[in-house]
>>> print(open('model.tsv').read())   # TSV, C-alpha atoms and all ligand atoms
chain	number	residue	atom	x	y	z
A	1	MET	CA	151.94	154.51	52.23
A	2	THR	CA	150.11	151.19	52.40
A	3	THR	CA	146.77	152.71	51.34
A	4	ARG	CA	147.86	152.75	47.68
A	5	GLY	CA	147.30	149.02	47.46
A	6	PHE	CA	143.65	149.41	48.46
A	7	MET	CA	142.82	151.61	45.51
A	8	GLY	CA	143.15	149.07	42.75
A	9	ARG	CA	140.18	147.38	41.20
A	10	ARG	CA	140.83	144.17	43.11
A	11	PRO	CA	141.24	144.64	46.84
A	12	SER	CA	144.59	143.54	48.23
A	13	GLU	CA	144.95	140.60	50.58
A	14	GLU	CA	145.10	143.01	53.51
A	15	ALA	CA	142.02	144.90	52.32
A	16	ARG	CA	140.05	141.68	51.89
A	17	ALA	CA	140.86	140.64	55.46
A	18	ARG	CA	139.46	143.97	56.66
A	19	LEU	CA	136.25	143.74	54.60
A	20	PRO	CA	133.28	142.05	56.31
A	21	PRO	CA	131.34	139.53	54.15
A	22	GLY	CA	129.39	141.09	51.28
A	23	GLN	CA	131.09	144.48	51.57
A	24	TYR	CA	133.13	146.39	48.96
A	25	LEU	CA	135.70	149.08	49.58
A	26	THR	CA	134.98	152.66	48.62
A	27	GLU	CA	137.07	155.80	48.73
A	28	ASP	CA	133.96	157.97	48.67
A	29	PHE	CA	131.86	158.86	51.65
A	30	PRO	CA	128.25	158.24	50.53
A	31	VAL	CA	125.45	160.19	52.24
A	32	LEU	CA	122.48	158.07	53.38
A	33	GLN	CA	119.47	159.26	55.34
A	34	PHE	CA	115.69	158.95	55.24
A	35	GLY	CA	114.91	162.68	55.04
A	36	PRO	CA	116.48	166.08	54.37
A	37	THR	CA	119.49	167.28	56.33
A	38	PRO	CA	118.10	169.19	59.33
A	39	ARG	CA	119.27	172.74	60.02
A	40	ILE	CA	120.80	172.81	63.47
A	41	ASP	CA	121.74	176.01	65.27
A	42	LEU	CA	124.66	175.62	67.69
A	43	ASP	CA	123.12	178.31	69.93
A	44	THR	CA	120.13	176.07	70.65
A	45	TRP	CA	121.77	172.64	70.18
A	46	ARG	CA	121.58	170.44	73.24
A	47	PHE	CA	122.60	166.91	73.98
A	48	THR	CA	120.50	165.15	76.61
A	49	ILE	CA	120.80	161.81	78.36
A	50	ARG	CA	117.43	160.43	79.44
A	51	ASP	CA	116.44	157.46	81.57
A	52	GLY	CA	113.16	156.66	79.89
A	53	ALA	CA	111.20	159.95	79.96
A	54	ARG	CA	113.36	161.46	82.70
A	55	PRO	CA	116.19	163.84	81.66
A	56	VAL	CA	119.36	162.92	83.55
A	57	LYS	CA	121.94	165.32	82.10
A	58	SER	CA	122.00	167.90	79.34
A	59	TRP	CA	124.82	169.88	77.74
A	60	SER	CA	124.84	173.00	75.58
A	61	TRP	CA	127.25	173.07	72.62
A	62	ALA	CA	129.81	175.10	74.61
A	63	GLU	CA	129.57	172.69	77.53
A	64	PHE	CA	129.85	169.70	75.22
A	65	GLU	CA	132.93	171.14	73.52
A	66	ALA	CA	134.61	171.43	76.93
A	67	LEU	CA	134.26	167.68	77.68
A	68	PRO	CA	137.27	165.33	77.46
A	69	ARG	CA	138.08	164.43	73.85
A	70	THR	CA	138.76	161.05	72.26
A	71	THR	CA	140.10	160.22	68.81
A	72	TRP	CA	139.28	156.98	67.00
A	73	SER	CA	140.57	155.78	63.67
A	74	GLY	CA	139.34	152.75	61.77
A	75	ASP	CA	136.92	151.21	59.31
A	76	ILE	CA	133.17	151.80	58.92
A	77	HIS	CA	130.66	149.46	57.24
A	78	CYS	CA	127.29	150.44	55.76
A	79	VAL	CA	124.52	147.89	55.32
A	80	THR	CA	124.18	149.08	51.69
A	81	THR	CA	127.53	147.19	51.24
A	82	TRP	CA	130.13	149.93	51.15
A	83	SER	CA	132.96	150.02	53.64
A	84	LYS	CA	135.41	152.83	54.16
A	85	PHE	CA	138.84	152.30	55.71
A	86	ASP	CA	140.88	154.47	58.06
A	87	THR	CA	138.25	157.06	58.90
A	88	VAL	CA	139.30	159.44	61.70
A	89	TRP	CA	136.80	160.79	64.22
A	90	GLU	CA	137.05	162.95	67.30
A	91	GLY	CA	134.47	163.47	70.00
A	92	VAL	CA	133.42	162.47	73.48
A	93	SER	CA	133.48	158.78	74.37
A	94	PHE	CA	130.34	157.21	75.81
A	95	ASP	CA	132.38	156.35	78.93
A	96	ASP	CA	133.30	160.00	79.43
A	97	LEU	CA	129.69	161.08	78.88
A	98	LEU	CA	128.52	158.78	81.66
A	99	ALA	CA	131.35	159.88	83.95
A	100	GLU	CA	130.62	163.56	83.29
A	101	ALA	CA	126.93	162.93	83.92
A	102	GLY	CA	127.92	161.25	87.18
A	103	ILE	CA	125.99	158.07	86.40
A	104	THR	CA	126.45	154.45	85.53
A	105	ALA	CA	124.14	153.09	82.85
A	106	PRO	CA	120.72	152.57	84.49
A	107	THR	CA	119.60	149.91	81.96
A	108	GLU	CA	121.25	147.60	79.41
A	109	PHE	CA	119.81	149.27	76.30
A	110	LEU	CA	119.30	152.69	74.80
A	111	LEU	CA	117.96	154.51	71.80
A	112	ALA	CA	120.05	157.15	70.08
A	113	GLU	CA	117.79	159.98	68.91
A	114	GLY	CA	118.43	162.39	66.05
A	115	TYR	CA	117.15	165.91	65.43
A	116	ASP	CA	115.38	164.44	62.39
A	117	ASP	CA	113.43	162.09	64.72
A	118	TYR	CA	115.58	159.16	63.61
A	119	THR	CA	116.14	156.57	66.31
A	120	THR	CA	118.31	153.48	66.54
A	121	ASN	CA	118.82	150.99	69.35
A	122	VAL	CA	122.21	149.92	70.69
A	123	PRO	CA	123.06	147.75	73.70
A	124	VAL	CA	124.96	149.63	76.38
A	125	ALA	CA	127.61	146.87	76.28
A	126	ASP	CA	128.42	148.01	72.72
A	127	LEU	CA	129.01	151.60	73.79
A	128	ILE	CA	131.17	151.25	76.91
A	129	GLY	CA	134.88	150.48	77.12
A	130	GLY	CA	135.93	152.91	74.41
A	131	LYS	CA	133.72	151.31	71.73
A	132	ALA	CA	131.63	154.39	70.88
A	133	MET	CA	131.58	158.17	70.98
A	134	VAL	CA	129.48	161.17	70.16
A	135	ALA	CA	131.68	162.54	67.37
A	136	THR	CA	131.92	166.22	66.49
A	137	ARG	CA	134.89	166.10	64.10
A	138	TYR	CA	135.70	163.97	61.05
A	139	ALA	CA	139.11	163.94	59.37
A	140	GLY	CA	140.22	166.91	61.45
A	141	GLU	CA	137.25	169.14	60.56
A	142	PRO	CA	133.83	169.74	62.09
A	143	ILE	CA	131.49	167.02	60.76
A	144	SER	CA	129.64	168.38	57.72
A	145	PRO	CA	125.84	168.67	58.00
A	146	ASP	CA	125.32	165.85	55.47
A	147	HIS	CA	127.39	163.46	57.57
A	148	GLY	CA	125.56	164.30	60.78
A	149	GLY	CA	127.18	167.47	62.06
A	150	PRO	CA	127.33	169.08	64.49
A	151	ALA	CA	127.37	165.75	66.35
A	152	ARG	CA	126.68	162.12	65.51
A	153	LEU	CA	126.92	158.85	67.34
A	154	LEU	CA	129.79	156.63	66.19
A	155	VAL	CA	129.53	152.89	66.86
A	156	PRO	CA	131.98	151.68	64.23
A	157	HIS	CA	131.87	147.95	64.99
A	158	LEU	CA	128.17	147.82	64.01
A	159	TYR	CA	126.63	148.66	60.62
A	160	PHE	CA	126.67	152.40	60.11
A	161	TRP	CA	122.90	152.89	60.48
A	162	LYS	CA	123.54	152.52	64.23
A	163	SER	CA	125.68	155.68	64.09
A	164	ALA	CA	122.83	158.18	64.38
A	165	LYS	CA	123.49	161.50	62.67
A	166	TRP	CA	122.44	164.87	64.16
A	167	VAL	CA	122.20	163.14	67.49
A	168	LYS	CA	120.30	165.07	70.16
A	169	GLY	CA	120.46	162.51	72.91
A	170	LEU	CA	120.59	159.00	74.25
A	171	ARG	CA	117.58	157.47	75.97
A	172	PHE	CA	118.05	154.45	78.22
A	173	THR	CA	115.27	151.90	77.75
A	174	GLN	CA	114.17	149.00	79.93
A	175	THR	CA	114.13	146.62	76.96
A	176	ASP	CA	115.86	146.45	73.58
A	177	THR	CA	113.49	148.74	71.62
A	178	ALA	CA	113.51	148.86	67.82
A	179	GLY	CA	114.39	152.20	66.21
A	180	PHE	CA	113.59	153.67	62.78
A	181	TRP	CA	115.24	151.06	60.54
A	182	GLU	CA	114.85	148.20	62.99
A	183	LEU	CA	111.06	148.73	62.77
A	184	ARG	CA	111.40	148.51	58.97
A	185	GLY	CA	113.16	145.17	58.75
A	186	TYR	CA	116.75	145.91	59.68
A	187	HIS	CA	118.46	143.68	62.22
A	188	MET	CA	118.14	144.57	65.92
A	189	TYR	CA	121.94	144.29	66.45
A	190	GLY	CA	123.69	144.74	63.11
A	191	ASP	CA	127.09	143.04	63.36
A	192	PRO	CA	128.78	143.38	59.94
A	193	TRP	CA	131.07	140.39	60.58
A	194	ARG	CA	128.02	138.16	61.06
A	195	GLU	CA	126.22	139.93	58.19
A	196	GLN	CA	123.25	140.84	60.36
A	197	ARG	CA	121.59	143.10	57.81
A	198	PHE	CA	117.92	142.20	58.14
A	199	THR	CA	115.57	140.71	60.71
A	200	GLY	CA	116.31	137.00	60.88
A	201	ASP	CA	119.89	137.22	59.49
A	301	LIG	N1	119.64	160.96	62.19
A	301	LIG	C1	119.87	160.04	61.23
A	301	LIG	N2	120.98	159.28	61.37
A	301	LIG	C2	121.27	158.35	60.44
A	301	LIG	C3	120.42	158.14	59.33
A	301	LIG	C4	119.26	158.97	59.21
A	301	LIG	O1	118.47	158.84	58.27
A	301	LIG	N3	119.04	159.90	60.17
A	301	LIG	N4	120.75	157.16	58.42
A	301	LIG	C5	121.63	156.07	58.89
A	301	LIG	C6	122.13	155.25	57.83
A	301	LIG	S1	121.04	154.16	57.14
A	301	LIG	C7	123.45	155.26	57.48
A	301	LIG	S2	124.08	154.13	56.37
A	301	LIG	C8	124.39	156.28	57.99
A	301	LIG	C9	125.00	157.04	56.83
A	301	LIG	O2	125.89	157.99	57.31
A	301	LIG	P1	126.59	158.94	56.25
A	301	LIG	O3	125.50	159.67	55.49
A	301	LIG	O4	127.49	159.85	57.02
A	301	LIG	O5	127.37	158.03	55.33
A	301	LIG	O6	123.74	157.19	58.85
A	301	LIG	C10	122.79	156.60	59.71
A	301	LIG	N5	122.38	157.61	60.62
A	302	MO	MO	122.39	152.66	55.86
>>> encode(input="model.tsv", output="structure tokens", more="lines below")
Ligand SMILES: Nc1nc2c(c(=O)[nH]1)N[C@H]1C(S)=C(S)[C@@H](COP(=O)(O)O)O[C@H]1N2
Ligand SMILES: [Mo]
Amino acid sequence: MTTRGFMGRRPSEEARARLPPGQYLTEDFPVLQFGPTPRIDLDTWRFTIRDGARPVKSWSWAEFEALPRTTWSGDIHCVTTWSKFDTVWEGVSFDDLLAEAGITAPTEFLLAEGYDDYTTNVPVADLIGGKAMVATRYAGEPISPDHGGPARLLVPHLYFWKSAKWVKGLRFTQTDTAGFWELRGYHMYGDPWREQRFTGD
């Protein structure tokens, strides 16, 4: 068990190497969102890929659950300075979503959209090649409502605000279009290793 060493007051050498600048390690899983947790009924849940205004592909919950599954394990980093190590997620990779939709990405950018009307922009290049998924399980269980269940985007190499909770779809955009937090001063890209927290960082 190497995780023991991470729990002390001072992070171990290994933990420090895994912590991006300005981040601290937490064992908790803080809940952060701009509004209340939406109530989402699996009977009416849908996940839709759009090219601008045009729907390209849509899945019901049962259809989504039947898609190929991917597991990812690693560290997540929130702009509010907590990082959490060795989180385990399961869901459908962005690559598999495109393949199942029978498309290649029509533009270089998209907005992830939540059932709470949250949006966040991510370049397509940061989603392909196994870098992102629409997760439906965390630590072996369905994702709890507070953490974005039934499904959330997971883009773990960017600050966690890019991982939209209660995700209802992905919308390809012609240009890199600011989402909810990006319109309010957060960085358009959000690389934790370059400490891109705010506009201009
Ligand atoms: N739909 C939606 N997704 C969201 C948010 C939100 O307000 N609404 N907040 C973001 C922010 S700022 C963070 S830090 C993470 C927090 O995820 P957590 O509550 O599971 O820790 O969710 C992101 N995804
Ligand atoms: Mo955040």
>>> residues_near_ligand(input="model.tsv", ligand="ligand MO 302 (chain A)", cutoff="9 Å", atoms="all atoms listed in the file", output="MDAnalysis selection string")
chainID A and resid 31:33 77:81 159:162 181
>>> atom_distance(input="model.tsv", atom1="atom CA of A:Gln23", atom2="atom C2 of ligand LIG 301 (chain A)")
19.2 Å
>>> atom_distance(input="model.tsv", atom1="atom CA of A:Thr177", atom2="atom CA of A:Thr107")
12.1 Å
>>> axis_aligned_box(input="model.tsv", around="ligand LIG 301 (chain A)", padding_each_side="4 Å", output="AutoDock Vina command-line options")
--center_x 123.0 --center_y 157.5 --center_z 58.8 --size_x 17.0 --size_y 14.8 --size_z 14.9
>>> residues_around(input="model.tsv", residues="stretch 135-143 of chain A", least_positions_apart="4", cutoff="8 Å", atoms="all atoms listed in the file", output="list in words")
Thr87, Val88, Trp89, Glu90, Gly91, Val92, His147, Gly148, Gly149, Pro150, Ala151, Arg152, Leu153 and Leu154 of chain A
>>> closest_residue(input="model.tsv", among="A:Thr120, A:Ser58, A:Asp51, A:Gly114", to="A:Glu100", atoms="all atoms listed in the file")
A:Ser58
>>> closest_residue(input="model.tsv", among="A:Leu110, A:Ile76, A:Met133, A:Leu97", to="ligand LIG 301 (chain A)", atoms="only C-alpha atoms and all ligand atoms")
A:Ile76
>>> closest_residue(input="model.tsv", among="A:Ala125, A:Ile49, A:Val155, A:Leu25", to="ligand LIG 301 (chain A)", atoms="all atoms listed in the file")
A:Val155
>>> closest_residue(input="model.tsv", among="A:Leu19, A:Leu170, A:Ala132, A:Leu183", to="A:Leu111", atoms="all atoms listed in the file")
A:Leu170
